[in-house]
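Each remark here refers to the structure printed beneath this line.
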Amino acid sequence: MPIKDQPNPPRFRLFNNIFLIIGALFLAANFILPLVTGPQIPGVPYSLFIHQVQEGEVSRVQVGQNQIRFQLKTGDEEAGQVFSTTPIFDLSLPNLLEEKGVEFAAAPPPKNGWIGNVLGWVIPPLIFVGIWQFFARRGGGGAQGMLSIGKSKAKVYVEGEAAKITFADVAGVEEAKAELVEIVDFLKTPGRYTQIGARIPKGVLLVGPPGTGKTLLAKAVAGEAGVPFFSISGSEFVEMFVGVGSSRVRDLFEQAKKQAPCIVFIDELDAIGKSRSSNGFYGGNDEREQTLNQLLSEMDGFSAEAATVIVLAATNRPEILDPALLRPGRFDRQVLVDRPALSGREAILNIHAQKVKLGEDVDLRAIATRTPGFAGADLANLVNEAALLAARNGRQAVAQTDFAEAIERVVAGLEKKSRVLNDKEKKIVAYHEVGHALVGSLMPGSGRVEKISIVSRGMAALGYTLQLPTEDRFLMDEAELRGQIATLLGGRSAEEIVFNSITTGASNDLQRATDLAEQMVTTFGMSKVLGPLAYQQGARPMFLNDGMPNARRSMSEETAQAIDREVKEIVETAHQQALETIRHNRDLLETITMQLLETEAIEGEKLHQLLSQVQASTVVRDIYLKD
Ligand code: ADP
Ligand code: MG
Ligand code: ZN
């Protein structure tokens with residue numbers, strides 16, 4: 001992976017070098033100089049030296065503080081052998097030498113003495129500082145000051161260093177790719193946009209479950225545009241000391257601006273971007289807030305310089321992000337990176353299968369069919385598991401049976417994390433979602449049906465039907481609310497008609513339908529029987545929406561019963577309408593469900609075309625489509 005550590009900023013490099021130079025001098029003074037200044041002199045015990053002096057065998061003596069050197073008379077004068085000995089405190093030595101007629105002198109002070117002295121004073125503190133710095137770095141803090149603090153941990157990925165990642169390496173997330181193509185264009189030819197005064201977006205937030213390829217997409221954008229890629233992970237900031245995180249953010253942007261155009265990628269944005277108000281109860285986290293503030297001010301700051309730095313960030317928890325992050329000029333674009341549907345999974349398998357040797361019998365389409373709910377990372381893992389199994393079984397290439405076994409393993413691991421539906425469940429969910437879509441396409445009030453999917457999304461929903469409002473709505477009339485309730489009941493109604501039984505899957509729908517009906521009666525005054533009275537205990541502001549139902553006013557037993565009856569009547573009516581709509585379009589229900597089971601998701605034009613065939617039964621038409 002072409003990722004390398006960014007070099008230290010200059011002042012730290014200088015400091016480190018001084019440290020190295022002094023270290024080298026120290027080594028030279030203590031170990032290398034003695035070797036250069038002369039050959040080693042053999043040492044003898046002091047007693048032997050005294051004995052030899054007394055015997056008259058010694059010709060010359062040089063007395064130093066730490067060493068006595070002496071030359072023997074034997075042999076010719078010049079090459080006379082020199083020995084050394086370590087002196088002991090012996091005041092009688094000069095007398096003895098004089099008595100025996102030995103030439104003696106004190107040794108000159110060592111030439112490198114002053115260096116040794118200076119180093120002796122300088123080195124120990126430096127060693128201490130070095131050790132301190134070492135621990136400070138490992139501990140990630142603890143030492144405020146000029147040493148390791150502020151060193152950027154940003155990884156930089158420079159295009160062209162190794163096989164670069166492009167959009168061809170990412171599959172199954174076509175919509176996300178289509179949106180990011182535009183970002184690539186901004187990075188490649190910023191001039192085209194700035195010339196007519198357009199503001200290039202600064203921040204793009206990639207939102208999706210883990211392992212769907214958010215990091216991969218960010219790298220691919222850098223690869224496609226051929227720009228440097230700086231990356232840092234939000235979780236790295238979390239355990240740091242106050243001030244470190246924000247200085248790191250500043251550093252990161254400083255480097256990025258120098259290399260513009262480029263991409264700054266912040267992974268796990270939620271770790272620093274948590275809503276500042278959300279944990280006020282516990283007193284907040286100063287460091288995270290400072291880091292977040294620094295990030296916000298950096299993002300606000302770099303527009304003036306017209307440097308194209310685009311910040312990509314990834315999160316799987318967009319709902320907890322601080323709203324300040326999502327304001328225009330910051331992460332104002334959001335790109336959904338969802339779990340892939342059938343054809344997407346096949347394409348992802350194709351990419352990863354190229355790295356292993358495949359047997360002839362391998363059918364990637366069949367594998368994709370068996371792996372609903374798998375994200376890209378799960379599929380990459382699956383291919384690898386299969387290859388490992390093949391190798392263990394002594395095969396030369398990966399066979400279909402290896403994949404079958406690997407799926408079982410990976411599914412067993414995944415079942416705990418997210419839901420993988422079996423065939424029967426898949427069928428039920430498909431009918432259920434198409435039921436919502438059929439009713440929703442006919443009823444007023446809930447917008448146009450844009451996507452139906454049976455790819456499980458998180459823990460809450462097994463499948464989902466996505467309706468987008470066609471316009472901003474502030475007021476709803478009674479017919480629209482009734483329409484919404486019918487749409488909510490469409491899923492369960494389809495299950496009733498097709499399977500003649502009811503599953504637990506619709507509980508959330510029923511909850512929402514009943515809540516709406518109750519609000520109609522008790523808050524909006526839409527019941528003829530009960531009249532325009534508000535039966536809810538008043539004015540709790542909407543933003544305090546903590547999921548608790550508002551308390552009811554005190555009321556008579558009769559009124560309470562009347563409310564219950566009215567709520568039941570609204571829900572029952574809507575249920576009948578949903579049932580009727582689905583019965584009336586039974587063939588279409590089958591057609592769309594079969595298609596959905598095959599492709600796992602239907603959206604856009606294709607879906608609109610299918611749903612335009614929905615016909616209203618006479619009763620439903622009389623109520624809703626009067627015009
Ligand atoms: P995320 O950042 O969304 O958690 P990653 O980008 O880190 O996921 O994905 C991890 C790995 O899984 C990637 O390196 C790649 O090998 C594989 N992968 C994930 N999604 C895809 C995809 N859509 N296409 C191809 N490979 C994918
Ligand atoms: Mg990631
Ligand atoms: Zn439903």
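Every chain in the structure tokens takes a letter, A first, then B, and so on in the order presented; its residues are numbered from 1, and the ligands are numbered from 1 following the presented order.
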
In range 36-94 of chain A, what's alpha helix (DSSP H) per DSSP? Answer as a PyMOL selection string? chain A and resi 36-37+46-54+93-94

Go ahead and write the selection's residues with C-alpha atoms as a PDB file, in the first residue's frame.
```
ATOM      1  CA  VAL A  36      43.626   6.252  16.884  1.00  0.00           C
ATOM      2  CA  THR A  37      46.130   7.806  19.297  1.00  0.00           C
ATOM      3  CA  TYR A  46      51.970  -2.670  40.020  1.00  0.00           C
ATOM      4  CA  SER A  47      53.923  -5.113  42.117  1.00  0.00           C
ATOM      5  CA  LEU A  48      55.684  -6.452  39.039  1.00  0.00           C
ATOM      6  CA  PHE A  49      56.532  -2.859  38.006  1.00  0.00           C
ATOM      7  CA  ILE A  50      58.091  -2.137  41.449  1.00  0.00           C
ATOM      8  CA  HIS A  51      59.960  -5.413  41.301  1.00  0.00           C
ATOM      9  CA  GLN A  52      61.370  -4.577  37.878  1.00  0.00           C
ATOM     10  CA  VAL A  53      62.438  -1.100  39.051  1.00  0.00           C
ATOM     11  CA  GLN A  54      64.184  -2.621  42.041  1.00  0.00           C
ATOM     12  CA  LEU A  93      57.815   5.976  44.108  1.00  0.00           C
ATOM     13  CA  PRO A  94      59.863   9.085  43.060  1.00  0.00           C
TER      14      PRO A  94
END
```

Residues near Ala220 in chain A, cut-off 9 Å, only C-alpha atoms, skip fewer than 3 positions along chain, as a list in words: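 Near neighbours after the sequence-gap exclusion: Lys164, Ile165, Thr166, Phe167, Ala168, Asp169, Val170, Thr215, Leu216, Leu217, Gly223, Glu224 and Ala225 of chain A.
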
Could you take the residues named above and write them with C-alpha atoms, as a CSV table (one decimal), in the first residue's frame?
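Result file result38.csv:
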```
chain,number,residue,atom,x,y,z
A,164,LYS,CA,-3.1,3.4,-7.7
A,165,ILE,CA,-6.7,2.9,-6.8
A,166,THR,CA,-9.3,4.0,-9.2
A,167,PHE,CA,-13.0,3.7,-9.6
A,168,ALA,CA,-12.5,0.4,-11.4
A,169,ASP,CA,-11.5,-1.1,-8.0
A,170,VAL,CA,-14.8,-0.2,-6.5
A,215,THR,CA,-12.2,4.5,2.5
A,216,LEU,CA,-11.7,2.8,-0.8
A,217,LEU,CA,-13.8,5.3,-2.6
A,223,GLY,CA,-6.3,8.1,-7.8
A,224,GLU,CA,-8.7,9.3,-10.5
A,225,ALA,CA,-7.8,12.9,-10.1
```

Shell around Val356 in chain A at 9 Å using only C-alpha atoms, local window under 2 positions removed, as a VMD selection string: chain A and resid 352 to 354 358 383 to 384 387 397 to 398

Counting only C-alpha atoms and all ligand atoms, what are the residues, protein, DNA or RNA alike, that approach ligand 1 to within 10 Å? I want them as a ChimeraX atom specification. /A:165,167-174,176-177,206-220,267-268,313-316,337-340,344-345,347-352,374-381

Could you tell me, counting only C-alpha atoms and all ligand atoms, which protein and nucleic acid residues lie no more than 12 Å from ligand 3, written as a compact mmCIF listing (two decimals) with all heavy atoms, in the first residue's frame?
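To be explicit, this is the file written out as result_14.txt:
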```
# COMPACT_ATOMS: atom_id res chain seq x y z
N ILE A 428 -40.88 -13.15 2.13
CA ILE A 428 -41.86 -12.39 2.91
C ILE A 428 -41.54 -10.90 2.87
O ILE A 428 -42.41 -10.06 2.63
CB ILE A 428 -41.89 -12.89 4.37
CG1 ILE A 428 -42.37 -14.34 4.42
CG2 ILE A 428 -42.77 -12.00 5.23
CD1 ILE A 428 -42.30 -14.98 5.78
N VAL A 429 -40.26 -10.59 3.09
CA VAL A 429 -39.87 -9.18 3.09
C VAL A 429 -40.15 -8.55 1.72
O VAL A 429 -40.60 -7.41 1.63
CB VAL A 429 -38.38 -9.03 3.49
CG1 VAL A 429 -37.94 -7.59 3.32
CG2 VAL A 429 -38.17 -9.46 4.92
N ALA A 430 -39.91 -9.32 0.67
CA ALA A 430 -40.13 -8.77 -0.68
C ALA A 430 -41.61 -8.41 -0.89
O ALA A 430 -41.93 -7.31 -1.33
CB ALA A 430 -39.66 -9.77 -1.73
N TYR A 431 -42.52 -9.34 -0.57
CA TYR A 431 -43.94 -9.04 -0.71
C TYR A 431 -44.32 -7.84 0.16
O TYR A 431 -45.08 -6.97 -0.26
CB TYR A 431 -44.80 -10.25 -0.33
CG TYR A 431 -44.93 -11.26 -1.45
CD1 TYR A 431 -44.28 -12.48 -1.40
CD2 TYR A 431 -45.73 -10.98 -2.56
CE1 TYR A 431 -44.40 -13.40 -2.42
CE2 TYR A 431 -45.87 -11.90 -3.59
CZ TYR A 431 -45.20 -13.11 -3.51
OH TYR A 431 -45.32 -14.02 -4.53
N HIS A 432 -43.79 -7.82 1.35
CA HIS A 432 -44.10 -6.75 2.29
C HIS A 432 -43.72 -5.38 1.70
O HIS A 432 -44.53 -4.46 1.67
CB HIS A 432 -43.35 -7.02 3.60
CG HIS A 432 -43.52 -5.99 4.67
ND1 HIS A 432 -44.27 -6.21 5.80
CD2 HIS A 432 -43.02 -4.73 4.79
CE1 HIS A 432 -44.24 -5.14 6.57
NE2 HIS A 432 -43.48 -4.22 5.98
N GLU A 433 -42.50 -5.29 1.20
CA GLU A 433 -42.04 -4.00 0.68
C GLU A 433 -42.81 -3.59 -0.57
O GLU A 433 -43.15 -2.42 -0.75
CB GLU A 433 -40.53 -4.02 0.39
CG GLU A 433 -39.65 -4.27 1.61
CD GLU A 433 -39.88 -3.28 2.74
OE1 GLU A 433 -40.33 -2.14 2.47
OE2 GLU A 433 -39.65 -3.65 3.91
N VAL A 434 -43.08 -4.57 -1.44
CA VAL A 434 -43.84 -4.23 -2.64
C VAL A 434 -45.25 -3.79 -2.25
O VAL A 434 -45.82 -2.87 -2.86
CB VAL A 434 -43.88 -5.42 -3.62
CG1 VAL A 434 -44.76 -5.09 -4.82
CG2 VAL A 434 -42.47 -5.76 -4.09
N GLY A 435 -45.79 -4.38 -1.17
CA GLY A 435 -47.08 -3.94 -0.65
C GLY A 435 -47.07 -2.46 -0.29
O GLY A 435 -47.94 -1.69 -0.70
N HIS A 436 -46.03 -2.04 0.45
CA HIS A 436 -45.89 -0.62 0.78
C HIS A 436 -45.86 0.21 -0.50
O HIS A 436 -46.51 1.26 -0.60
CB HIS A 436 -44.57 -0.36 1.51
CG HIS A 436 -44.57 -0.72 2.96
ND1 HIS A 436 -45.51 -0.26 3.83
CD2 HIS A 436 -43.70 -1.48 3.69
CE1 HIS A 436 -45.22 -0.72 5.05
NE2 HIS A 436 -44.13 -1.47 4.99
N ALA A 437 -45.07 -0.25 -1.46
CA ALA A 437 -44.86 0.54 -2.67
C ALA A 437 -46.15 0.70 -3.47
O ALA A 437 -46.47 1.79 -3.95
CB ALA A 437 -43.76 -0.09 -3.53
N VAL A 439 -49.32 0.52 -2.43
CA VAL A 439 -50.26 1.41 -1.77
C VAL A 439 -49.73 2.84 -1.80
O VAL A 439 -50.45 3.79 -2.10
CB VAL A 439 -50.54 0.94 -0.32
CG1 VAL A 439 -51.52 1.88 0.37
CG2 VAL A 439 -51.06 -0.48 -0.32
N GLY A 440 -48.43 2.96 -1.52
CA GLY A 440 -47.82 4.29 -1.46
C GLY A 440 -47.88 5.04 -2.78
O GLY A 440 -47.96 6.26 -2.80
N ILE A 452 -37.20 0.38 -3.74
CA ILE A 452 -37.54 -0.68 -2.80
C ILE A 452 -36.37 -1.64 -2.75
O ILE A 452 -35.74 -1.93 -3.77
CB ILE A 452 -38.84 -1.45 -3.17
CG1 ILE A 452 -38.95 -1.65 -4.67
CG2 ILE A 452 -40.05 -0.78 -2.62
CD1 ILE A 452 -40.22 -2.38 -5.06
N SER A 453 -36.08 -2.11 -1.57
CA SER A 453 -34.90 -2.94 -1.41
C SER A 453 -35.16 -4.00 -0.36
O SER A 453 -35.86 -3.76 0.62
CB SER A 453 -33.72 -2.06 -0.98
OG SER A 453 -32.70 -2.88 -0.46
N ILE A 454 -34.62 -5.17 -0.58
CA ILE A 454 -34.70 -6.19 0.46
C ILE A 454 -33.32 -6.50 0.99
O ILE A 454 -33.07 -7.54 1.57
CB ILE A 454 -35.41 -7.47 -0.03
CG1 ILE A 454 -34.73 -7.99 -1.30
CG2 ILE A 454 -36.87 -7.22 -0.26
CD1 ILE A 454 -35.24 -9.35 -1.71
N ALA A 460 -32.66 -2.33 12.39
CA ALA A 460 -34.08 -2.05 12.49
C ALA A 460 -34.88 -2.64 11.33
O ALA A 460 -35.91 -3.27 11.54
CB ALA A 460 -34.30 -0.55 12.55
N ALA A 461 -34.42 -2.45 10.13
CA ALA A 461 -35.26 -2.79 8.99
C ALA A 461 -34.69 -3.98 8.23
O ALA A 461 -33.50 -4.07 8.00
CB ALA A 461 -35.36 -1.59 8.07
N LEU A 462 -35.58 -4.88 7.85
CA LEU A 462 -35.14 -6.02 7.04
C LEU A 462 -35.07 -5.62 5.58
O LEU A 462 -34.23 -6.07 4.83
CB LEU A 462 -36.10 -7.18 7.23
CG LEU A 462 -36.17 -7.69 8.67
CD1 LEU A 462 -37.25 -8.73 8.81
CD2 LEU A 462 -34.84 -8.25 9.09
N GLY A 463 -36.00 -4.80 5.18
CA GLY A 463 -35.99 -4.26 3.83
C GLY A 463 -36.49 -2.85 3.96
O GLY A 463 -36.81 -2.40 5.05
N TYR A 464 -36.55 -2.11 2.87
CA TYR A 464 -37.12 -0.78 3.04
C TYR A 464 -37.68 -0.25 1.73
O TYR A 464 -37.30 -0.66 0.65
CB TYR A 464 -36.11 0.20 3.61
CG TYR A 464 -34.86 0.35 2.78
CD1 TYR A 464 -34.74 1.37 1.85
CD2 TYR A 464 -33.80 -0.51 2.95
CE1 TYR A 464 -33.60 1.50 1.08
CE2 TYR A 464 -32.65 -0.39 2.19
CZ TYR A 464 -32.56 0.63 1.26
OH TYR A 464 -31.44 0.76 0.52
N THR A 465 -38.66 0.60 1.90
CA THR A 465 -39.26 1.29 0.77
C THR A 465 -38.99 2.77 0.98
O THR A 465 -39.32 3.32 2.02
CB THR A 465 -40.78 1.05 0.74
OG1 THR A 465 -40.98 -0.37 0.66
CG2 THR A 465 -41.41 1.72 -0.46
N LEU A 466 -38.33 3.36 0.01
CA LEU A 466 -37.93 4.75 0.17
C LEU A 466 -38.86 5.65 -0.61
O LEU A 466 -39.01 5.50 -1.83
CB LEU A 466 -36.50 4.91 -0.34
CG LEU A 466 -35.87 6.29 -0.19
CD1 LEU A 466 -35.63 6.59 1.27
CD2 LEU A 466 -34.58 6.34 -0.98
N ILE A 485 -51.19 6.47 6.51
CA ILE A 485 -51.47 5.31 7.37
C ILE A 485 -51.71 4.07 6.51
O ILE A 485 -51.19 2.99 6.80
CB ILE A 485 -52.68 5.61 8.29
CG1 ILE A 485 -52.32 6.76 9.23
CG2 ILE A 485 -53.06 4.37 9.09
CD1 ILE A 485 -53.49 7.27 10.06
N ALA A 486 -52.46 4.25 5.43
CA ALA A 486 -52.70 3.11 4.54
C ALA A 486 -51.39 2.58 3.97
O ALA A 486 -51.16 1.37 3.88
CB ALA A 486 -53.64 3.52 3.41
N THR A 487 -50.49 3.50 3.60
CA THR A 487 -49.20 3.07 3.06
C THR A 487 -48.42 2.28 4.09
O THR A 487 -47.81 1.25 3.79
CB THR A 487 -48.39 4.30 2.61
OG1 THR A 487 -49.17 5.06 1.69
CG2 THR A 487 -47.09 3.89 1.96
N LEU A 488 -48.44 2.76 5.32
CA LEU A 488 -47.73 2.05 6.39
C LEU A 488 -48.30 0.64 6.57
O LEU A 488 -47.57 -0.29 6.91
CB LEU A 488 -47.84 2.82 7.70
CG LEU A 488 -46.93 4.04 7.81
CD1 LEU A 488 -47.33 4.91 9.00
CD2 LEU A 488 -45.47 3.59 7.97
N LEU A 489 -49.60 0.50 6.35
CA LEU A 489 -50.21 -0.82 6.52
C LEU A 489 -50.10 -1.69 5.28
O LEU A 489 -50.47 -2.86 5.31
CB LEU A 489 -51.68 -0.64 6.91
CG LEU A 489 -51.86 0.00 8.29
CD1 LEU A 489 -53.31 0.40 8.50
CD2 LEU A 489 -51.40 -0.94 9.38
N GLY A 490 -49.62 -1.11 4.18
CA GLY A 490 -49.53 -1.86 2.92
C GLY A 490 -48.66 -3.09 3.03
O GLY A 490 -48.96 -4.14 2.44
N GLY A 491 -47.59 -3.01 3.81
CA GLY A 491 -46.68 -4.14 3.93
C GLY A 491 -47.36 -5.33 4.58
O GLY A 491 -47.37 -6.45 4.06
N ARG A 492 -47.99 -5.05 5.70
CA ARG A 492 -48.67 -6.11 6.42
C ARG A 492 -49.83 -6.68 5.60
O ARG A 492 -50.06 -7.89 5.58
CB ARG A 492 -49.19 -5.54 7.74
CG ARG A 492 -49.98 -6.53 8.53
CD ARG A 492 -50.75 -5.79 9.60
NE ARG A 492 -51.93 -6.56 9.95
CZ ARG A 492 -52.04 -7.19 11.12
NH1 ARG A 492 -51.08 -7.14 11.99
NH2 ARG A 492 -53.13 -7.86 11.39
N SER A 493 -50.54 -5.80 4.89
CA SER A 493 -51.67 -6.26 4.09
C SER A 493 -51.21 -7.23 3.01
O SER A 493 -51.87 -8.25 2.75
CB SER A 493 -52.37 -5.06 3.45
OG SER A 493 -52.74 -4.15 4.45
N ALA A 494 -50.09 -6.94 2.39
CA ALA A 494 -49.58 -7.85 1.36
C ALA A 494 -49.26 -9.21 1.96
O ALA A 494 -49.58 -10.26 1.39
CB ALA A 494 -48.34 -7.26 0.70
N GLU A 495 -48.64 -9.20 3.13
CA GLU A 495 -48.34 -10.47 3.80
C GLU A 495 -49.63 -11.25 4.06
O GLU A 495 -49.69 -12.47 3.84
CB GLU A 495 -47.63 -10.23 5.13
CG GLU A 495 -46.19 -9.81 5.00
CD GLU A 495 -45.52 -9.68 6.36
OE1 GLU A 495 -45.62 -10.64 7.16
OE2 GLU A 495 -44.92 -8.64 6.65
N THR A 503 -46.59 -11.91 10.19
CA THR A 503 -45.30 -12.10 10.84
C THR A 503 -45.03 -10.94 11.79
O THR A 503 -45.80 -9.99 11.87
CB THR A 503 -44.16 -12.14 9.80
OG1 THR A 503 -44.12 -10.89 9.13
CG2 THR A 503 -44.36 -13.25 8.81
N THR A 504 -43.91 -11.04 12.47
CA THR A 504 -43.56 -9.99 13.43
C THR A 504 -42.96 -8.77 12.75
O THR A 504 -42.70 -7.76 13.40
CB THR A 504 -42.53 -10.52 14.43
OG1 THR A 504 -41.43 -11.06 13.69
CG2 THR A 504 -43.12 -11.59 15.31
N GLY A 505 -42.72 -8.89 11.44
CA GLY A 505 -41.95 -7.85 10.75
C GLY A 505 -42.61 -6.49 10.68
O GLY A 505 -41.94 -5.49 10.45
N ALA A 506 -43.95 -6.44 10.87
CA ALA A 506 -44.65 -5.19 10.63
C ALA A 506 -44.85 -4.36 11.88
O ALA A 506 -45.54 -3.35 11.85
CB ALA A 506 -46.00 -5.47 9.97
N SER A 507 -44.25 -4.75 12.99
CA SER A 507 -44.59 -4.07 14.25
C SER A 507 -44.27 -2.58 14.21
O SER A 507 -45.02 -1.77 14.74
CB SER A 507 -43.88 -4.74 15.41
OG SER A 507 -42.49 -4.65 15.24
N ASN A 508 -43.15 -2.24 13.58
CA ASN A 508 -42.79 -0.82 13.53
C ASN A 508 -43.79 -0.03 12.69
O ASN A 508 -44.16 1.09 13.04
CB ASN A 508 -41.37 -0.69 12.96
CG ASN A 508 -40.90 0.75 12.94
OD1 ASN A 508 -41.17 1.50 13.87
ND2 ASN A 508 -40.24 1.13 11.87
N ASP A 509 -44.25 -0.65 11.59
CA ASP A 509 -45.25 0.00 10.75
C ASP A 509 -46.52 0.27 11.55
O ASP A 509 -47.09 1.36 11.48
CB ASP A 509 -45.63 -0.89 9.57
CG ASP A 509 -44.46 -1.14 8.63
OD1 ASP A 509 -43.54 -0.31 8.63
OD2 ASP A 509 -44.50 -2.15 7.90
N LEU A 510 -46.95 -0.73 12.30
CA LEU A 510 -48.19 -0.58 13.06
C LEU A 510 -48.05 0.51 14.12
O LEU A 510 -48.96 1.30 14.34
CB LEU A 510 -48.56 -1.90 13.73
CG LEU A 510 -48.82 -3.08 12.80
CD1 LEU A 510 -49.32 -4.27 13.59
CD2 LEU A 510 -49.81 -2.70 11.71
N GLN A 511 -46.91 0.54 14.75
CA GLN A 511 -46.65 1.55 15.76
C GLN A 511 -46.83 2.95 15.16
O GLN A 511 -47.53 3.80 15.70
CB GLN A 511 -45.21 1.38 16.26
CG GLN A 511 -44.84 2.29 17.41
CD GLN A 511 -45.46 1.78 18.69
OE1 GLN A 511 -45.37 0.61 19.01
NE2 GLN A 511 -46.11 2.67 19.41
N ARG A 512 -46.18 3.14 14.01
CA ARG A 512 -46.23 4.47 13.41
C ARG A 512 -47.64 4.80 12.92
O ARG A 512 -48.09 5.95 13.05
CB ARG A 512 -45.22 4.55 12.27
CG ARG A 512 -43.80 4.70 12.78
CD ARG A 512 -42.76 4.47 11.72
NE ARG A 512 -42.92 5.34 10.57
CZ ARG A 512 -42.35 5.11 9.40
NH1 ARG A 512 -41.61 4.04 9.22
NH2 ARG A 512 -42.53 5.93 8.40
N ALA A 513 -48.31 3.80 12.37
CA ALA A 513 -49.67 4.05 11.87
C ALA A 513 -50.59 4.45 13.02
O ALA A 513 -51.36 5.42 12.92
CB ALA A 513 -50.20 2.80 11.17
```

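Using only C-alpha atoms, the shortest contact distance between Gln595 in chain A and any of A:Ser556, A:Leu607, A:Met443, A:Val61 is found at A:Leu607.
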
Go through A:Gly226, A:Gly130, A:Gly234, A:Gly604 and flag the residue nearest ligand 2, using only C-alpha atoms and all ligand atoms for the distances.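 Checking each of A:Gly226, A:Gly130, A:Gly234, A:Gly604 against ligand 2, counting only C-alpha atoms and all ligand atoms, the winner is A:Gly234.
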
Could you name the residues that touch Ala562 in chain A at 8 Å or less, counting only C-alpha atoms, but leaving out those on the same chain fewer than 3 positions away, as number ranges by chain? A: 529-530, 558-559, 565-566

Write a file of the just-selected residues containing all heavy atoms, as a PDB file, in the first residue's frame.
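The file below, out15.pdb, is the result:
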```
ATOM      1  N   VAL A 529     -66.447  13.007  15.435  1.00  0.00           N
ATOM      2  CA  VAL A 529     -67.101  12.663  16.690  1.00  0.00           C
ATOM      3  C   VAL A 529     -66.566  13.509  17.837  1.00  0.00           C
ATOM      4  O   VAL A 529     -67.312  14.023  18.660  1.00  0.00           O
ATOM      5  CB  VAL A 529     -66.893  11.167  17.000  1.00  0.00           C
ATOM      6  CG1 VAL A 529     -67.564  10.804  18.314  1.00  0.00           C
ATOM      7  CG2 VAL A 529     -67.406  10.319  15.860  1.00  0.00           C
ATOM      8  N   LEU A 530     -65.246  13.683  17.880  1.00  0.00           N
ATOM      9  CA  LEU A 530     -64.647  14.335  19.040  1.00  0.00           C
ATOM     10  C   LEU A 530     -64.465  15.832  18.861  1.00  0.00           C
ATOM     11  O   LEU A 530     -64.240  16.556  19.821  1.00  0.00           O
ATOM     12  CB  LEU A 530     -63.310  13.675  19.360  1.00  0.00           C
ATOM     13  CG  LEU A 530     -63.525  12.272  19.928  1.00  0.00           C
ATOM     14  CD1 LEU A 530     -62.356  11.366  19.636  1.00  0.00           C
ATOM     15  CD2 LEU A 530     -63.810  12.337  21.416  1.00  0.00           C
ATOM     16  N   GLU A 558     -65.824   8.172  29.124  1.00  0.00           N
ATOM     17  CA  GLU A 558     -66.483   8.095  27.805  1.00  0.00           C
ATOM     18  C   GLU A 558     -65.600   8.671  26.712  1.00  0.00           C
ATOM     19  O   GLU A 558     -65.467   8.108  25.641  1.00  0.00           O
ATOM     20  CB  GLU A 558     -67.800   8.881  27.820  1.00  0.00           C
ATOM     21  CG  GLU A 558     -68.930   8.188  28.518  1.00  0.00           C
ATOM     22  CD  GLU A 558     -69.873   9.220  29.111  1.00  0.00           C
ATOM     23  OE1 GLU A 558     -70.398  10.051  28.346  1.00  0.00           O
ATOM     24  OE2 GLU A 558     -70.054   9.210  30.343  1.00  0.00           O
ATOM     25  N   THR A 559     -65.020   9.854  27.004  1.00  0.00           N
ATOM     26  CA  THR A 559     -64.177  10.490  25.990  1.00  0.00           C
ATOM     27  C   THR A 559     -63.011   9.586  25.640  1.00  0.00           C
ATOM     28  O   THR A 559     -62.670   9.406  24.470  1.00  0.00           O
ATOM     29  CB  THR A 559     -63.657  11.834  26.508  1.00  0.00           C
ATOM     30  OG1 THR A 559     -64.744  12.567  27.051  1.00  0.00           O
ATOM     31  CG2 THR A 559     -62.997  12.622  25.404  1.00  0.00           C
ATOM     32  N   ARG A 565     -61.952   4.471  20.059  1.00  0.00           N
ATOM     33  CA  ARG A 565     -62.780   3.989  18.961  1.00  0.00           C
ATOM     34  C   ARG A 565     -62.427   4.702  17.655  1.00  0.00           C
ATOM     35  O   ARG A 565     -62.283   4.082  16.612  1.00  0.00           O
ATOM     36  CB  ARG A 565     -64.269   4.209  19.289  1.00  0.00           C
ATOM     37  CG  ARG A 565     -65.069   2.901  19.288  1.00  0.00           C
ATOM     38  CD  ARG A 565     -66.516   3.162  19.675  1.00  0.00           C
ATOM     39  NE  ARG A 565     -66.634   3.506  21.089  1.00  0.00           N
ATOM     40  CZ  ARG A 565     -67.260   4.571  21.578  1.00  0.00           C
ATOM     41  NH1 ARG A 565     -67.843   5.433  20.778  1.00  0.00           N
ATOM     42  NH2 ARG A 565     -67.327   4.786  22.868  1.00  0.00           N
ATOM     43  N   GLU A 566     -62.236   6.019  17.760  1.00  0.00           N
ATOM     44  CA  GLU A 566     -61.913   6.795  16.565  1.00  0.00           C
ATOM     45  C   GLU A 566     -60.572   6.364  15.971  1.00  0.00           C
ATOM     46  O   GLU A 566     -60.434   6.192  14.765  1.00  0.00           O
ATOM     47  CB  GLU A 566     -61.851   8.289  16.905  1.00  0.00           C
ATOM     48  CG  GLU A 566     -63.194   8.967  16.911  1.00  0.00           C
ATOM     49  CD  GLU A 566     -63.779   9.070  15.516  1.00  0.00           C
ATOM     50  OE1 GLU A 566     -63.302   9.885  14.720  1.00  0.00           O
ATOM     51  OE2 GLU A 566     -64.715   8.284  15.233  1.00  0.00           O
TER      52      GLU A 566
END
```

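With distances restricted to only C-alpha atoms and all ligand atoms, A:Leu269 is the closest residue to ligand 2 from A:Leu579, A:Val244, A:Leu269, A:Ala391.
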
Residues of range 260-499 of chain A classed as strand (DSSP E or B) by DSSP on the backbone are to be reported as a PyMOL selection string. chain A and resi 262-267+274+309-315+321+333-336+358+398+448-453+457+461+464-468
